[in-house]
Amino acid sequence: MTTNETQMRQGAASATAFAQSNKTSGMQKRVLAGGSVGQFIEFYDFALYGLSAVTLSQLFFPSENALVGLLATFATFGVAFIARPIGGLFFGQLGDKLGRRKVLYITLVTIGGATAAIGLLPPYAAIGALAPALLVLCRLLQGFSAGGESVGAPAFVFEHAPVHRRGFWLNITLAATALPSVVAGAMILILSQSMSDEAFFAWGWRIPFLLALPLSLFGVWIRSKTEESEAFKQVAAKADQKEYSPIRDAFRENKVRMLQVIFVMGMTAMGFYFLTGYFVGYVQTTGNLSREASLLANAVAMLTYALLLPIGGIIGDKVGRKPMLIAGSAAIALLAFPCFMLVTSGSLGLAILGQLLFVLPLCIYGGGCYTFFVEIFSTKTRFTSAAVSYNVGYALFGGTAPFIGTALVNATGVSYSPAYWLCGAAVIVFLLLTLTKVPETRGRLG
């Protein structure tokens with residue numbers, strides 16, 4: 001055999017091996033499906049609370065001033081985010097020691113059970129102050145379990161994804177977080193239109209909450225068909241389980257990276273929860289649109305978000321995570337004021353346009369951040385490091401966004417005043433990305 005023939009055969013064998021490595025296996029597809037379903041269920045539970053804010057405020061925080069009741073409801077919305085970093089720390093270290101898959105069973109069932117429990121709670125009129133207290137307890141349980149689920153599922157998908165398609169895979173998984181708003185919003189709209197207001201406030205609002213438990217059990221069934229990634233298995237085989245401390249190693253090795261993730265993910269948390277947890281109630285109370293019109297406008301925006309986010313991931317796979325983060329934060333800062341002005345215009349068409357304009361920079365930014373926050377950490381401490389920093393960012397900036405937005409409108413009387421908060425945060429993140437040593441993580445191996 002000549003040298004040329006040998007080289008040609010070796011080249012063909014290499015090409016075949018490369019092609020096979022880029023094929024998606026059945027296991028990878030099941031992991032992607034399991035991760036996406038888990039994210040859907042987690043955000044269904046959180047979105048449902050935000051979409052039901054006006055109803056819940058009347059049932060659990062009755063007040064002569066509707067805005068005061070809404071403030072109390074959004075304060076309870078934020079309570080869940082206090083528990084998220086604690087849940088992230090608890091489930092993160094378990095996931096790094098015992099495996100992602102086992103932890104993701106627990107988180108999914110817990111968050112589904114807590115949401116269904118909200119659907120069973122008696123209102124303030126029946127049991128007085130105990131009603132909001134139990135609501136807060138359910139929200140704390142939701143937040144605790146979401147602290148593990150919100151990071152465990154993306155980390156699990158990331159470790160199974162082809163290296164050159166991580167952004168696309170992660171953003172498909174995270175796009176599932178937009179669909180719950182559409183599904184929950186449609187359910188609320190259908191229920192509110194098909195029954196009297198008395199029936200809806202008596203029991204109709206409970207139905208979407210009760211559905212959370214069977215949804216979570218369905219997610220567990222899908223995840224039972226998956227396996228741990230080879231990357232995790234290799235790390236687990238080398239680790240001395242008696243000496244290994246994911247929490248100690250995470251804070252010792254990743255302090256700077258974790259701080260970077262807090263700000264990077266805090267920005268997307270603020271934008272996402274303005275969109276999902278705030279705009280429906282905001283458009284009703286400040287934009288003077290009906291509940292049905294508010295739900296319709298938000299559903300259009302969330303569907304668009306679900307479609308555009310994977311495209312952002314594809315672009316991020318080609319150009320890198322950091323350029324997407326820089327472009328996205330700049331766009332959020334520039335478009336914040338026009339978006340909020342349109343959303344509160346009192347016109348359904350302009351409210352939809354404002355929310356669509358809001359979605360575009362979020363998807364550009366999401367093309368970098370949703371892969372960056374797990375890609376920046378090594379496999380050994382990925383779950384713990386990402387869970388703590390992600391959930392601290394979401395607690396500080398995401399969980400507080402609806403409350404701060406409502407408080408700003410109440411204090412200033414200016415309908416678009418939340419834009420000042422969003423724009424200021426986007427400028428800070430833009431400066432962080434451009435003036436400090438935030439790394440490019442595309443293609444990094446764990």
# chains A, B, ... in the order shown; residues from 1 in each chain; ligands from 1
>>> residues_around(residues="segment 88-104 of chain A", least_positions_apart="2", cutoff="6 Å", atoms="only C-alpha atoms", output="ChimeraX atom specification")
/A:84-86,106-107,147-148,246,383-384,387-388
>>> closest_residue(among="A:Phe358, A:Tyr278, A:Tyr420, A:Tyr390", to="Phe372 of chain A", atoms="only C-alpha atoms")
A:Tyr390
>>> residues_around(residues="Ser36 of chain A", least_positions_apart="5", cutoff="7 Å", atoms="only C-alpha atoms", output="PyMOL selection string")
chain A and resi 173-174+176
>>> closest_residue(among="A:Leu213, A:Arg165, A:Arg382, A:Leu275", to="Phe232 of chain A", atoms="only C-alpha atoms")
A:Arg382
>>> atom_distance(atom1="atom CA of Gly50 of chain A", atom2="atom CA of Met341 of chain A")
20.9 Å
>>> residues_around(residues="Leu408 of chain A", least_positions_apart="4", cutoff="8 Å", atoms="only C-alpha atoms", output="PyMOL selection string")
chain A and resi 404+412-414+417-418
>>> atom_distance(atom1="atom CA of Gly271 of chain A", atom2="atom CA of Gly398 of chain A")
7.5 Å
>>> atom_distance(atom1="atom CA of Ala161 of chain A", atom2="atom CA of Met27 of chain A")
10.5 Å
>>> select_by_dssp(residues="segment 102-320 of chain A", states="helix (DSSP H, G or I)", output="short mmCIF file (atom, residue, chain, number, x, y, z; two decimals) with C-alpha atoms, in the first residue's frame")
data_model
loop_
_atom_site.label_atom_id
_atom_site.label_comp_id
_atom_site.auth_asym_id
_atom_site.auth_seq_id
_atom_site.Cartn_x
_atom_site.Cartn_y
_atom_site.Cartn_z
CA LYS A 102 -30.88 11.63 41.24
CA VAL A 103 -31.16 15.22 42.44
CA LEU A 104 -33.37 16.20 39.50
CA TYR A 105 -35.98 13.62 40.54
CA ILE A 106 -36.32 15.26 43.95
CA THR A 107 -36.43 18.85 42.75
CA LEU A 108 -39.12 18.20 40.17
CA VAL A 109 -41.50 16.39 42.53
CA THR A 110 -40.98 18.97 45.28
CA ILE A 111 -41.73 22.00 43.14
CA GLY A 112 -44.78 20.27 41.60
CA GLY A 113 -46.12 19.36 45.03
CA ALA A 114 -45.62 22.89 46.41
CA THR A 115 -47.45 24.43 43.46
CA ALA A 116 -50.36 22.00 43.77
CA ALA A 117 -50.53 22.89 47.47
CA ILE A 118 -51.13 26.55 46.56
CA TYR A 124 -57.90 34.97 53.68
CA ALA A 125 -61.67 35.20 54.09
CA ALA A 126 -61.74 31.60 55.39
CA ILE A 127 -58.73 31.36 57.73
CA LEU A 130 -52.89 31.90 58.19
CA ALA A 131 -53.74 31.99 54.46
CA PRO A 132 -50.92 34.34 53.38
CA ALA A 133 -48.56 32.58 55.82
CA LEU A 134 -49.20 29.22 54.14
CA LEU A 135 -48.81 30.86 50.74
CA VAL A 136 -45.38 32.15 51.79
CA LEU A 137 -44.45 28.64 53.00
CA CYS A 138 -45.41 27.13 49.63
CA ARG A 139 -43.40 29.80 47.83
CA LEU A 140 -40.35 29.05 50.01
CA LEU A 141 -40.64 25.36 49.12
CA GLN A 142 -40.98 26.24 45.43
CA GLY A 143 -37.89 28.41 45.61
CA PHE A 144 -35.83 25.84 47.51
CA SER A 145 -36.47 23.11 44.94
CA ALA A 146 -36.14 25.50 41.99
CA GLY A 147 -32.67 26.37 43.28
CA GLY A 148 -31.57 22.88 42.25
CA GLU A 149 -33.80 22.32 39.21
CA SER A 150 -32.98 25.62 37.49
CA VAL A 151 -29.28 24.74 37.26
CA GLY A 152 -29.29 20.96 37.44
CA ALA A 153 -31.29 20.53 34.24
CA PRO A 154 -29.11 22.88 32.10
CA ALA A 155 -25.93 21.32 33.56
CA PHE A 156 -27.24 17.83 32.77
CA VAL A 157 -28.07 18.83 29.17
CA PHE A 158 -24.76 20.69 28.79
CA GLU A 159 -22.72 17.62 29.72
CA HIS A 160 -24.49 15.51 27.10
CA VAL A 163 -19.43 20.74 22.08
CA HIS A 164 -20.11 22.76 18.93
CA ARG A 165 -23.88 22.90 19.62
CA ARG A 166 -23.97 23.64 23.32
CA GLY A 167 -25.51 27.07 22.86
CA PHE A 168 -28.29 25.69 20.67
CA TRP A 169 -29.03 22.80 23.04
CA LEU A 170 -29.00 24.94 26.18
CA ASN A 171 -31.21 27.56 24.57
CA ILE A 172 -33.72 24.93 23.44
CA THR A 173 -33.85 23.82 27.08
CA LEU A 174 -34.26 27.39 28.31
CA ALA A 175 -36.77 28.25 25.57
CA LEU A 179 -43.85 28.32 27.03
CA PRO A 180 -45.28 27.95 30.56
CA SER A 181 -46.43 31.57 30.46
CA VAL A 182 -48.29 30.87 27.24
CA VAL A 183 -49.83 27.63 28.50
CA ALA A 184 -50.70 28.98 31.95
CA GLY A 185 -51.97 32.24 30.46
CA ALA A 186 -54.19 30.37 27.98
CA MET A 187 -55.59 28.20 30.77
CA ILE A 188 -56.39 31.22 32.93
CA LEU A 189 -57.96 32.99 29.97
CA ILE A 190 -60.14 29.99 29.02
CA LEU A 191 -61.22 29.41 32.61
CA SER A 192 -62.01 33.06 33.27
CA GLN A 193 -64.02 33.31 30.05
CA SER A 194 -65.93 30.06 30.51
CA ASP A 197 -66.23 35.76 38.10
CA GLU A 198 -67.70 34.27 41.28
CA ALA A 199 -66.91 30.71 40.18
CA PHE A 200 -63.42 31.65 38.95
CA PHE A 201 -62.52 33.31 42.26
CA ALA A 202 -64.10 30.47 44.24
CA TRP A 203 -62.37 27.51 42.57
CA GLY A 204 -61.54 28.08 38.88
CA ARG A 206 -57.05 26.59 41.44
CA ILE A 207 -57.11 24.24 38.43
CA PRO A 208 -53.82 25.38 36.79
CA PHE A 209 -52.03 25.08 40.15
CA LEU A 210 -53.33 21.55 40.79
CA ALA A 212 -48.50 21.01 38.44
CA LEU A 213 -48.21 17.71 40.31
CA PRO A 214 -49.11 15.34 37.43
CA LEU A 215 -46.87 17.43 35.17
CA SER A 216 -43.92 16.92 37.52
CA LEU A 217 -44.53 13.15 37.67
CA PHE A 218 -44.50 13.08 33.86
CA GLY A 219 -41.12 14.84 33.94
CA VAL A 220 -39.75 12.26 36.39
CA TRP A 221 -40.83 9.45 34.05
CA ILE A 222 -38.92 11.01 31.14
CA ARG A 223 -35.81 11.49 33.26
CA GLU A 230 -19.50 10.34 30.76
CA ALA A 231 -17.85 13.55 31.96
CA PHE A 232 -19.51 13.24 35.36
CA LYS A 233 -18.81 9.50 35.60
CA GLN A 234 -15.09 10.10 35.00
CA VAL A 235 -14.91 12.82 37.66
CA ALA A 236 -16.91 10.72 40.16
CA ALA A 237 -14.63 7.71 39.61
CA LYS A 238 -11.53 9.76 40.46
CA PRO A 246 -18.04 20.48 46.32
CA ILE A 247 -18.94 23.53 48.44
CA ARG A 248 -15.37 24.02 49.70
CA ASP A 249 -13.85 23.50 46.26
CA ALA A 250 -16.41 25.74 44.53
CA PHE A 251 -15.70 28.72 46.77
CA ARG A 252 -11.97 28.09 46.85
CA GLU A 253 -11.51 27.73 43.09
CA LYS A 255 -14.96 32.90 43.65
CA VAL A 256 -14.32 35.37 40.82
CA ARG A 257 -16.20 33.32 38.23
CA MET A 258 -19.16 32.93 40.56
CA LEU A 259 -19.30 36.70 41.09
CA GLN A 260 -19.26 37.21 37.32
CA VAL A 261 -22.12 34.76 36.88
CA ILE A 262 -24.17 36.53 39.57
CA PHE A 263 -24.17 39.76 37.53
CA VAL A 264 -24.44 38.10 34.12
CA MET A 265 -27.41 35.94 35.13
CA GLY A 266 -28.90 38.69 37.31
CA MET A 267 -29.38 40.77 34.18
CA THR A 268 -31.31 38.08 32.33
CA ALA A 269 -33.26 37.27 35.51
CA MET A 270 -34.45 40.85 35.79
CA GLY A 271 -35.52 40.97 32.16
CA PHE A 272 -37.17 37.55 32.23
CA TYR A 273 -39.20 38.20 35.36
CA PHE A 274 -40.28 41.61 34.18
CA LEU A 275 -41.59 39.80 31.13
CA THR A 276 -43.17 36.78 32.84
CA GLY A 277 -43.87 37.79 36.42
CA PHE A 279 -46.05 42.59 32.72
CA VAL A 280 -49.47 40.90 32.97
CA GLY A 281 -50.39 42.60 36.23
CA TYR A 282 -48.53 45.79 35.24
CA VAL A 283 -50.45 46.17 32.00
CA GLN A 284 -53.74 45.72 33.88
CA THR A 285 -53.06 48.18 36.71
CA ARG A 291 -57.00 40.71 32.15
CA GLU A 292 -57.73 38.98 28.85
CA ALA A 293 -55.91 41.62 26.78
CA SER A 294 -52.93 41.55 29.16
CA LEU A 295 -52.67 37.76 28.92
CA LEU A 296 -52.92 37.89 25.12
CA ALA A 297 -50.14 40.46 24.80
CA ASN A 298 -47.86 38.49 27.09
CA ALA A 299 -48.60 35.20 25.30
CA VAL A 300 -47.51 36.71 21.96
CA ALA A 301 -44.30 37.96 23.56
CA MET A 302 -43.49 34.65 25.23
CA LEU A 303 -44.10 32.62 22.07
CA THR A 304 -41.74 34.93 20.23
CA TYR A 305 -39.17 34.51 23.00
CA ALA A 306 -39.40 30.71 22.73
CA LEU A 307 -38.80 30.90 18.97
CA LEU A 308 -35.96 33.42 19.01
CA LEU A 309 -33.94 32.09 21.96
CA PRO A 310 -32.63 28.95 20.16
CA ILE A 311 -31.61 31.20 17.25
CA GLY A 312 -29.61 33.25 19.75
CA GLY A 313 -27.96 30.02 20.87
CA ILE A 314 -27.00 29.13 17.29
CA ILE A 315 -25.42 32.54 16.79
CA GLY A 316 -23.62 32.22 20.14
CA ASP A 317 -22.16 28.89 18.99
CA LYS A 318 -20.68 30.68 15.97
CA VAL A 319 -19.48 34.02 17.36
#
